[in-house]
>>> print(open('coords.pdb').read())   # PDB, C-alpha atoms and all ligand atoms
ATOM      1  CA  MET A   1       4.746 -11.912 -26.161
ATOM      2  CA  THR A   2       1.947  -9.456 -26.911
ATOM      3  CA  VAL A   3      -0.293  -7.894 -24.262
ATOM      4  CA  GLY A   4      -3.766  -6.763 -25.330
ATOM      5  CA  VAL A   5      -5.459  -3.534 -24.299
ATOM      6  CA  LEU A   6      -9.230  -3.499 -24.646
ATOM      7  CA  ALA A   7      -9.749  -0.539 -26.979
ATOM      8  CA  LEU A   8     -13.522  -0.199 -27.298
ATOM      9  CA  GLN A   9     -13.897   2.967 -25.210
ATOM     10  CA  GLY A  10     -12.126   4.921 -22.478
ATOM     11  CA  ALA A  11      -8.505   5.428 -21.455
ATOM     12  CA  PHE A  12      -6.910   2.637 -23.492
ATOM     13  CA  ARG A  13      -4.239   4.775 -25.216
ATOM     14  CA  GLU A  14      -2.700   5.709 -21.870
ATOM     15  CA  HIS A  15      -2.362   2.043 -20.838
ATOM     16  CA  ALA A  16      -0.848   1.128 -24.196
ATOM     17  CA  ALA A  17       1.676   3.962 -23.820
ATOM     18  CA  VAL A  18       2.768   2.758 -20.357
ATOM     19  CA  LEU A  19       3.170  -0.833 -21.575
ATOM     20  CA  ARG A  20       5.106   0.244 -24.692
ATOM     21  CA  GLY A  21       7.309   2.393 -22.466
ATOM     22  CA  LEU A  22       8.231  -0.826 -20.629
ATOM     23  CA  GLY A  23       9.141  -2.453 -23.937
ATOM     24  CA  ILE A  24       6.022  -4.628 -24.115
ATOM     25  CA  PRO A  25       4.433  -5.242 -27.543
ATOM     26  CA  VAL A  26       0.793  -4.120 -27.359
ATOM     27  CA  ARG A  27      -2.272  -4.982 -29.419
ATOM     28  CA  ASP A  28      -5.537  -3.023 -29.336
ATOM     29  CA  ILE A  29      -8.449  -5.418 -28.814
ATOM     30  CA  ARG A  30     -11.541  -4.432 -30.808
ATOM     31  CA  ARG A  31     -12.804  -7.739 -32.232
ATOM     32  CA  ARG A  32     -12.832 -11.270 -30.879
ATOM     33  CA  GLU A  33     -10.127 -12.304 -33.368
ATOM     34  CA  ASP A  34      -7.780  -9.827 -31.700
ATOM     35  CA  LEU A  35      -7.717 -12.046 -28.587
ATOM     36  CA  GLN A  36      -5.801 -14.701 -30.511
ATOM     37  CA  GLY A  37      -2.383 -15.319 -28.979
ATOM     38  CA  ILE A  38      -2.277 -12.498 -26.414
ATOM     39  CA  ARG A  39      -0.449 -13.316 -23.148
ATOM     40  CA  GLY A  40      -2.270 -10.803 -20.965
ATOM     41  CA  ILE A  41      -4.885  -8.072 -21.226
ATOM     42  CA  VAL A  42      -5.589  -4.673 -19.681
ATOM     43  CA  LEU A  43      -9.162  -3.415 -19.280
ATOM     44  CA  PRO A  44      -9.117   0.403 -19.109
ATOM     45  CA  GLY A  45     -11.265   2.953 -17.324
ATOM     46  CA  GLY A  46     -14.139   4.606 -19.095
ATOM     47  CA  GLU A  47     -17.812   3.779 -18.849
ATOM     48  CA  SER A  48     -18.485   0.185 -17.824
ATOM     49  CA  THR A  49     -22.059   0.105 -19.176
ATOM     50  CA  VAL A  50     -20.835   1.201 -22.626
ATOM     51  CA  GLN A  51     -17.865  -1.169 -22.571
ATOM     52  CA  GLY A  52     -20.068  -4.042 -21.373
ATOM     53  CA  LYS A  53     -22.534  -3.435 -24.195
ATOM     54  CA  LEU A  54     -19.770  -3.267 -26.814
ATOM     55  CA  LEU A  55     -18.147  -6.450 -25.423
ATOM     56  CA  ARG A  56     -21.484  -8.219 -25.972
ATOM     57  CA  ASP A  57     -22.213  -6.617 -29.356
ATOM     58  CA  PHE A  58     -18.803  -7.625 -30.726
ATOM     59  CA  GLY A  59     -18.914 -11.147 -29.286
ATOM     60  CA  ILE A  60     -15.847 -10.583 -27.094
ATOM     61  CA  LEU A  61     -17.486 -11.078 -23.680
ATOM     62  CA  GLU A  62     -17.756 -14.891 -23.687
ATOM     63  CA  PRO A  63     -14.350 -15.751 -25.196
ATOM     64  CA  LEU A  64     -12.618 -13.214 -22.932
ATOM     65  CA  ARG A  65     -14.390 -14.612 -19.860
ATOM     66  CA  ASP A  66     -13.229 -18.106 -20.834
ATOM     67  CA  LEU A  67      -9.632 -16.968 -21.356
ATOM     68  CA  ILE A  68      -9.533 -15.234 -17.947
ATOM     69  CA  ALA A  69     -11.071 -18.287 -16.269
ATOM     70  CA  GLN A  70      -8.339 -20.378 -17.916
ATOM     71  CA  GLY A  71      -5.668 -18.105 -16.419
ATOM     72  CA  LEU A  72      -5.075 -15.238 -18.871
ATOM     73  CA  PRO A  73      -3.468 -12.462 -16.790
ATOM     74  CA  VAL A  74      -5.748  -9.415 -16.613
ATOM     75  CA  MET A  75      -5.523  -5.972 -15.052
ATOM     76  CA  GLY A  76      -8.728  -3.943 -14.819
ATOM     77  CA  THR A  77      -8.701  -0.287 -13.778
ATOM     78  CA  CYS A  78     -11.798   1.646 -12.718
ATOM     79  CA  ALA A  79     -14.455   0.679 -15.309
ATOM     80  CA  GLY A  80     -12.209  -2.322 -16.058
ATOM     81  CA  LEU A  81     -12.532  -3.390 -12.411
ATOM     82  CA  ILE A  82     -16.321  -3.118 -12.759
ATOM     83  CA  LEU A  83     -16.218  -5.330 -15.874
ATOM     84  CA  LEU A  84     -14.306  -7.979 -13.901
ATOM     85  CA  ALA A  85     -16.441  -7.881 -10.728
ATOM     86  CA  ARG A  86     -18.572 -10.883  -9.863
ATOM     87  CA  GLU A  87     -21.234  -8.592  -8.360
ATOM     88  CA  ILE A  88     -22.071  -4.979  -9.201
ATOM     89  CA  GLY A  89     -24.185  -3.201  -6.593
ATOM     90  CA  GLU A  90     -27.053  -5.089  -5.057
ATOM     91  CA  ASP A  91     -28.821  -6.397  -8.097
ATOM     92  CA  GLY A  92     -26.546  -9.205  -9.211
ATOM     93  CA  GLU A  93     -25.707  -7.491 -12.517
ATOM     94  CA  ARG A  94     -22.346  -8.447 -14.006
ATOM     95  CA  HIS A  95     -20.249  -8.384 -17.171
ATOM     96  CA  LEU A  96     -17.228 -10.725 -17.126
ATOM     97  CA  GLY A  97     -17.900 -11.624 -13.494
ATOM     98  CA  THR A  98     -14.575 -13.428 -12.965
ATOM     99  CA  LEU A  99     -13.184 -11.433 -10.002
ATOM    100  CA  PRO A 100     -14.781 -12.414  -6.663
ATOM    101  CA  VAL A 101     -15.592  -8.925  -5.351
ATOM    102  CA  ARG A 102     -18.722  -6.826  -5.013
ATOM    103  CA  VAL A 103     -18.230  -3.301  -6.348
ATOM    104  CA  PHE A 104     -20.422  -0.250  -6.202
ATOM    105  CA  ARG A 105     -20.212   2.147  -9.120
ATOM    106  CA  ASN A 106     -19.592   5.854  -8.496
ATOM    107  CA  ILE A 107     -19.123   5.184  -4.803
ATOM    108  CA  TYR A 108     -17.717   8.701  -4.234
ATOM    109  CA  GLY A 109     -20.671  10.371  -5.973
ATOM    110  CA  ARG A 110     -21.161  11.213  -9.619
ATOM    111  CA  GLN A 111     -20.147  14.852  -9.802
ATOM    112  CA  LEU A 112     -17.628  15.405  -7.020
ATOM    113  CA  GLY A 113     -16.183  11.929  -7.123
ATOM    114  CA  SER A 114     -12.815  12.781  -8.681
ATOM    115  CA  PHE A 115      -9.720  13.294  -6.562
ATOM    116  CA  VAL A 116      -6.037  12.464  -6.293
ATOM    117  CA  THR A 117      -4.371  11.030  -3.206
ATOM    118  CA  ASN A 118      -1.276   9.049  -2.241
ATOM    119  CA  GLY A 119      -1.399   5.686  -0.600
ATOM    120  CA  ARG A 120       0.247   2.337  -0.116
ATOM    121  CA  VAL A 121      -0.328  -0.073  -2.994
ATOM    122  CA  GLY A 122       1.255  -3.493  -2.670
ATOM    123  CA  GLU A 123       4.978  -2.921  -2.228
ATOM    124  CA  PHE A 124       4.753   0.824  -2.996
ATOM    125  CA  GLU A 125       4.651   3.155   0.029
ATOM    126  CA  ASN A 126       3.359   6.237  -1.650
ATOM    127  CA  PHE A 127       1.632   5.540  -4.943
ATOM    128  CA  ARG A 128      -0.269   8.385  -6.618
ATOM    129  CA  GLU A 129      -3.895   7.311  -6.941
ATOM    130  CA  VAL A 130      -6.116   9.147  -9.429
ATOM    131  CA  PHE A 131      -9.828   8.537  -8.839
ATOM    132  CA  ILE A 132     -12.336   9.543 -11.526
ATOM    133  CA  ARG A 133     -15.959   8.741 -10.676
ATOM    134  CA  ALA A 134     -14.476   5.569  -9.294
ATOM    135  CA  PRO A 135     -16.072   2.375  -8.057
ATOM    136  CA  GLY A 136     -15.432   1.031  -4.572
ATOM    137  CA  ILE A 137     -14.859  -2.562  -3.532
ATOM    138  CA  ALA A 138     -17.488  -3.172  -0.856
ATOM    139  CA  GLU A 139     -17.009  -6.885  -0.315
ATOM    140  CA  ILE A 140     -14.476  -9.632  -0.981
ATOM    141  CA  LEU A 141     -16.306 -12.790  -2.053
ATOM    142  CA  ASP A 142     -13.410 -15.279  -1.905
ATOM    143  CA  PRO A 143     -10.853 -15.430   0.939
ATOM    144  CA  GLU A 144      -8.082 -16.137  -1.566
ATOM    145  CA  THR A 145      -8.393 -12.533  -2.754
ATOM    146  CA  GLU A 146      -5.419 -10.411  -1.702
ATOM    147  CA  VAL A 147      -6.003  -6.755  -0.787
ATOM    148  CA  LEU A 148      -3.339  -4.589  -2.457
ATOM    149  CA  ALA A 149      -4.644  -1.124  -1.651
ATOM    150  CA  VAL A 150      -6.872   0.554   0.918
ATOM    151  CA  THR A 151      -7.687   4.245   0.438
ATOM    152  CA  ASN A 152      -9.487   6.201   3.176
ATOM    153  CA  GLY A 153     -10.616   2.944   4.737
ATOM    154  CA  ARG A 154     -11.996   1.512   1.503
ATOM    155  CA  ILE A 155     -10.493  -1.351  -0.503
ATOM    156  CA  THR A 156      -9.274   0.033  -3.835
ATOM    157  CA  GLY A 157      -6.924  -2.643  -5.161
ATOM    158  CA  VAL A 158      -7.073  -6.448  -5.177
ATOM    159  CA  ARG A 159      -5.494  -9.485  -6.723
ATOM    160  CA  TYR A 160      -7.166 -12.847  -7.168
ATOM    161  CA  ARG A 161      -4.929 -15.416  -8.865
ATOM    162  CA  ASN A 162      -4.332 -14.063 -12.400
ATOM    163  CA  GLN A 163      -6.613 -11.042 -11.957
ATOM    164  CA  PHE A 164      -5.656  -7.562 -10.733
ATOM    165  CA  GLY A 165      -8.291  -4.881 -10.145
ATOM    166  CA  PHE A 166      -7.783  -1.231  -9.175
ATOM    167  CA  ALA A 167     -10.469   1.392  -8.531
ATOM    168  CA  PHE A 168      -8.092   4.196  -9.553
ATOM    169  CA  HIS A 169      -6.092   4.986 -12.718
ATOM    170  CA  PRO A 170      -2.418   3.907 -12.504
ATOM    171  CA  GLU A 171      -2.009   4.741 -16.218
ATOM    172  CA  LEU A 172      -2.545   8.452 -15.466
ATOM    173  CA  THR A 173       0.538   8.755 -13.263
ATOM    174  CA  ALA A 174       4.177   8.941 -14.289
ATOM    175  CA  ASN A 175       4.893   5.788 -12.269
ATOM    176  CA  PRO A 176       4.634   2.528 -14.248
ATOM    177  CA  GLY A 177       4.995   0.529 -11.015
ATOM    178  CA  LEU A 178       1.610  -1.182 -11.004
ATOM    179  CA  HIS A 179       1.906  -2.184 -14.654
ATOM    180  CA  LEU A 180       5.302  -3.685 -13.794
ATOM    181  CA  LEU A 181       3.808  -5.441 -10.760
ATOM    182  CA  PHE A 182       1.109  -6.930 -12.991
ATOM    183  CA  LEU A 183       3.588  -7.970 -15.687
ATOM    184  CA  LYS A 184       6.067  -9.507 -13.239
ATOM    185  CA  HIS A 185       3.420 -11.458 -11.315
ATOM    186  CA  SER A 186       2.092 -12.708 -14.623
ATOM    187  CA  GLY A 187       5.505 -13.865 -15.837
ATOM    188  CA  LEU A 188       5.399 -11.303 -18.633
ATOM    189  CA  TYR A 189       8.402  -9.243 -17.643
ATOM    190  CA  PRO A 190      11.555 -11.323 -17.983
ATOM    191  CA  GLU A 191      14.901 -10.131 -16.769
ATOM    192  CA  PRO A 192      16.832  -8.410 -19.557
ATOM    193  CA  GLU A 193      18.886 -10.898 -21.538
ATOM    194  CA  LEU A 194      22.647 -10.696 -21.347
ATOM    195  CA  PRO A 195      24.246  -9.482 -24.563
ATOM    196  CA  ALA A 196      25.326 -12.387 -26.784
ATOM    197  CA  ASN A 197      29.068 -11.736 -26.355
ATOM    198  CA  VAL A 198      28.747 -11.930 -22.537
ATOM    199  CA  ARG A 199      26.837 -15.198 -22.780
ATOM    200  CA  GLN A 200      29.443 -16.705 -25.100
ATOM    201  CA  SER A 201      32.357 -15.889 -22.813
ATOM    202  CA  ALA A 202      30.556 -17.185 -19.720
TER     203      ALA A 202
HETATM  204  N1  LIG B 301     -18.038   5.612 -13.345
HETATM  205  C1  LIG B 301     -17.560   4.741 -14.385
HETATM  206  C2  LIG B 301     -18.416   3.487 -14.476
HETATM  207  O1  LIG B 301     -19.276   3.289 -13.695
HETATM  208  C3  LIG B 301     -16.126   4.376 -14.173
HETATM  209  C4  LIG B 301     -15.269   5.615 -14.245
HETATM  210  C5  LIG B 301     -13.865   5.372 -14.725
HETATM  211  O2  LIG B 301     -13.533   4.342 -15.312
HETATM  212  N2  LIG B 301     -13.030   6.368 -14.561
HETATM  213  O3  LIG B 301     -18.215   2.708 -15.357
END
>>> encode(input="coords.pdb", output="structure tokens")
Amino acid sequence: MTVGVLALQGAFREHAAVLRGLGIPVRDIRRREDLQGIRGIVLPGGESTVQGKLLRDFGILEPLRDLIAQGLPVMGTCAGLILLAREIGEDGERHLGTLPVRVFRNIYGRQLGSFVTNGRVGEFENFREVFIRAPGIAEILDPETEVLAVTNGRITGVRYRNQFGFAFHPELTANPGLHLLFLKHSGLYPEPELPANVRQSA
């Protein structure tokens, strides 16, 4: 039950560390062959233009898009959200394009766009949200999309079927809650098994 972390550029080590801390086997995804057999994937923050180019150069873009369209659970954070978005800005540019939202890159400005705040995310009252030159979700393009987080009046977290997207960096906080939320919704976090001796006596 391995979960992939796209490891072309950006904050992939931090995501892998959170997942490993939850006992999840992790594989770095750098080539299209690495996609074989993964049960979910995390797309980290970083620079979406660089990641998008590398996804194309290494032939990962198309097979990954197909896997997500077929239901592969995915969580994209910051640049990862931009990779997932169906629309980026006004010009119809896209990378994977599987998540029905329109995002704007660097919506808080390029230089002063980094800040930390606390807000409600899904079931969490007070989740620490780290924004680093973050995108904003300006429009939901499919009514089936669930809003998970709103920060200062702007949508910053969504779920659409098997796809989770966050504008901030949950991997840079001590709280693994959103990774757990993603894993549980995706059926990737089973209850701990009873020890064998307990099962036998039951
Ligand atoms: N500004 C970056 C982009 O447009 C995203 C920043 C991030 O992932 N922290 O891709």
>>> closest_atom_pairs(input="coords.pdb", of="chain A", to="ligand LIG 301 (chain B)", cutoff="9 Å", atoms="all atoms listed in the file", output="tab-separated table")
residue	atom	partner	partner_atom	distance
A:Gly10	CA	B:LIG301	O2	7.3
A:Ala11	CA	B:LIG301	O2	8.0
A:Pro44	CA	B:LIG301	O2	7.0
A:Gly45	CA	B:LIG301	O2	3.3
A:Gly46	CA	B:LIG301	O2	3.8
A:Glu47	CA	B:LIG301	O3	3.7
A:Ser48	CA	B:LIG301	O3	3.5
A:Thr49	CA	B:LIG301	O3	6.0
A:Val50	CA	B:LIG301	O3	7.9
A:Gln51	CA	B:LIG301	O3	8.2
A:Thr77	CA	B:LIG301	O2	6.9
A:Cys78	CA	B:LIG301	O2	4.1
A:Ala79	CA	B:LIG301	O2	3.8
A:Gly80	CA	B:LIG301	O2	6.8
A:Leu81	CA	B:LIG301	O2	8.3
A:Ile82	CA	B:LIG301	O3	6.7
A:Leu83	CA	B:LIG301	O3	8.3
A:Phe104	CA	B:LIG301	O1	8.4
A:Arg105	CA	B:LIG301	O1	4.8
A:Asn106	CA	B:LIG301	N1	5.1
A:Ile107	CA	B:LIG301	N1	8.6
A:Arg110	CA	B:LIG301	N1	7.4
A:Ser114	CA	B:LIG301	N2	8.7
A:Phe131	CA	B:LIG301	N2	6.9
A:Ile132	CA	B:LIG301	N2	4.4
A:Arg133	CA	B:LIG301	N1	4.6
A:Ala134	CA	B:LIG301	C4	5.0
A:Pro135	CA	B:LIG301	C3	6.4
A:Ala167	CA	B:LIG301	O2	8.0
A:Phe168	CA	B:LIG301	N2	7.4
A:His169	CA	B:LIG301	N2	7.3
>>> atom_distance(input="coords.pdb", atom1="atom CA of Arg120 of chain A", atom2="atom CA of Leu96 of chain A")
27.7 Å
>>> residues_near_point(input="coords.pdb", point="(-4.1, -14.1, -25.4)", cutoff="10 Å", atoms="all atoms listed in the file", output="list in words")
Met1, Thr2, Val3, Gly4, Asp34, Leu35, Gln36, Gly37, Ile38, Arg39, Gly40, Ile41, Leu64, Leu67, Ile68, Gly71, Leu72 and Pro73 of chain A
>>> atom_distance(input="coords.pdb", atom1="atom CA of Gly52 of chain A", atom2="atom CA of His95 of chain A")
6.0 Å
>>> closest_residue(input="coords.pdb", among="A:Gly21, A:Pro100, A:Pro63, A:Pro176", to="Glu146 of chain A", atoms="only C-alpha atoms")
A:Pro100
>>> resolve_selection(input="coords.pdb", expression="the PyMOL selection byres (((chain A and resi 160) around 12) and not hetatm)", output="mmCIF file with C-alpha atoms, keeping the file's coordinate frame")
data_model
loop_
_atom_site.group_PDB
_atom_site.id
_atom_site.type_symbol
_atom_site.label_atom_id
_atom_site.label_comp_id
_atom_site.auth_asym_id
_atom_site.auth_seq_id
_atom_site.Cartn_x
_atom_site.Cartn_y
_atom_site.Cartn_z
ATOM 1 C CA ILE A 68 -9.533 -15.234 -17.947
ATOM 2 C CA ALA A 69 -11.071 -18.287 -16.269
ATOM 3 C CA GLY A 71 -5.668 -18.105 -16.419
ATOM 4 C CA PRO A 73 -3.468 -12.462 -16.790
ATOM 5 C CA VAL A 74 -5.748 -9.415 -16.613
ATOM 6 C CA MET A 75 -5.523 -5.972 -15.052
ATOM 7 C CA GLY A 76 -8.728 -3.943 -14.819
ATOM 8 C CA LEU A 84 -14.306 -7.979 -13.901
ATOM 9 C CA ALA A 85 -16.441 -7.881 -10.728
ATOM 10 C CA ARG A 86 -18.572 -10.883 -9.863
ATOM 11 C CA THR A 98 -14.575 -13.428 -12.965
ATOM 12 C CA LEU A 99 -13.184 -11.433 -10.002
ATOM 13 C CA PRO A 100 -14.781 -12.414 -6.663
ATOM 14 C CA VAL A 101 -15.592 -8.925 -5.351
ATOM 15 C CA ILE A 140 -14.476 -9.632 -0.981
ATOM 16 C CA LEU A 141 -16.306 -12.790 -2.053
ATOM 17 C CA ASP A 142 -13.410 -15.279 -1.905
ATOM 18 C CA PRO A 143 -10.853 -15.430 0.939
ATOM 19 C CA GLU A 144 -8.082 -16.137 -1.566
ATOM 20 C CA THR A 145 -8.393 -12.533 -2.754
ATOM 21 C CA GLU A 146 -5.419 -10.411 -1.702
ATOM 22 C CA VAL A 147 -6.003 -6.755 -0.787
ATOM 23 C CA LEU A 148 -3.339 -4.589 -2.457
ATOM 24 C CA GLY A 157 -6.924 -2.643 -5.161
ATOM 25 C CA VAL A 158 -7.073 -6.448 -5.177
ATOM 26 C CA ARG A 159 -5.494 -9.485 -6.723
ATOM 27 C CA ARG A 161 -4.929 -15.416 -8.865
ATOM 28 C CA ASN A 162 -4.332 -14.063 -12.400
ATOM 29 C CA GLN A 163 -6.613 -11.042 -11.957
ATOM 30 C CA PHE A 164 -5.656 -7.562 -10.733
ATOM 31 C CA GLY A 165 -8.291 -4.881 -10.145
ATOM 32 C CA PHE A 166 -7.783 -1.231 -9.175
ATOM 33 C CA PHE A 182 1.109 -6.930 -12.991
ATOM 34 C CA HIS A 185 3.420 -11.458 -11.315
ATOM 35 C CA SER A 186 2.092 -12.708 -14.623
#
>>> closest_residue(input="coords.pdb", among="A:Gly109, A:Phe12, A:Leu43, A:Ile137", to="Thr156 of chain A", atoms="only C-alpha atoms")
A:Ile137
>>> closest_residue(input="coords.pdb", among="A:Ala138, A:Val42, A:Ile24, A:Leu188", to="Ala7 of chain A", atoms="all atoms listed in the file")
A:Val42
>>> closest_residue(input="coords.pdb", among="A:Gly153, A:Arg27, A:Leu22, A:Gly122", to="Tyr189 of chain A", atoms="all atoms listed in the file")
A:Leu22
>>> closest_residue(input="coords.pdb", among="A:Glu33, A:Val103, A:Val5, A:Gly113", to="Arg20 of chain A", atoms="all atoms listed in the file")
A:Val5
>>> closest_residue(input="coords.pdb", among="A:Glu14, A:Pro25, A:Tyr108, A:Leu19", to="Gly177 of chain A", atoms="all atoms listed in the file")
A:Leu19
>>> atom_distance(input="coords.pdb", atom1="atom CA of Glu62 of chain A", atom2="atom CA of Glu87 of chain A")
16.9 Å
>>> residues_around(input="coords.pdb", residues="Thr173 of chain A", least_positions_apart="2", cutoff="8 Å", atoms="all atoms listed in the file", output="PDB file with C-alpha atoms, keeping the file's coordinate frame")
ATOM      1  CA  ARG A 128      -0.269   8.385  -6.618  1.00  0.00           C
ATOM      2  CA  GLU A 129      -3.895   7.311  -6.941  1.00  0.00           C
ATOM      3  CA  VAL A 130      -6.116   9.147  -9.429  1.00  0.00           C
ATOM      4  CA  HIS A 169      -6.092   4.986 -12.718  1.00  0.00           C
ATOM      5  CA  PRO A 170      -2.418   3.907 -12.504  1.00  0.00           C
ATOM      6  CA  GLU A 171      -2.009   4.741 -16.218  1.00  0.00           C
ATOM      7  CA  ASN A 175       4.893   5.788 -12.269  1.00  0.00           C
ATOM      8  CA  PRO A 176       4.634   2.528 -14.248  1.00  0.00           C
TER       9      PRO A 176
END
>>> axis_aligned_box(input="coords.pdb", around="segment 16-33 of chain A", padding_each_side="4 Å", output="JSON")
{"center_x": -1.8, "center_y": -4.2, "center_z": -26.9, "size_x": 30.0, "size_y": 24.3, "size_z": 21.0}
>>> resolve_selection(input="coords.pdb", expression="the PyMOL selection byres (((chain A and resi 119) around 9) and not hetatm)", output="PyMOL selection string")
chain A and resi 117-118+120-121+124-129+149-152
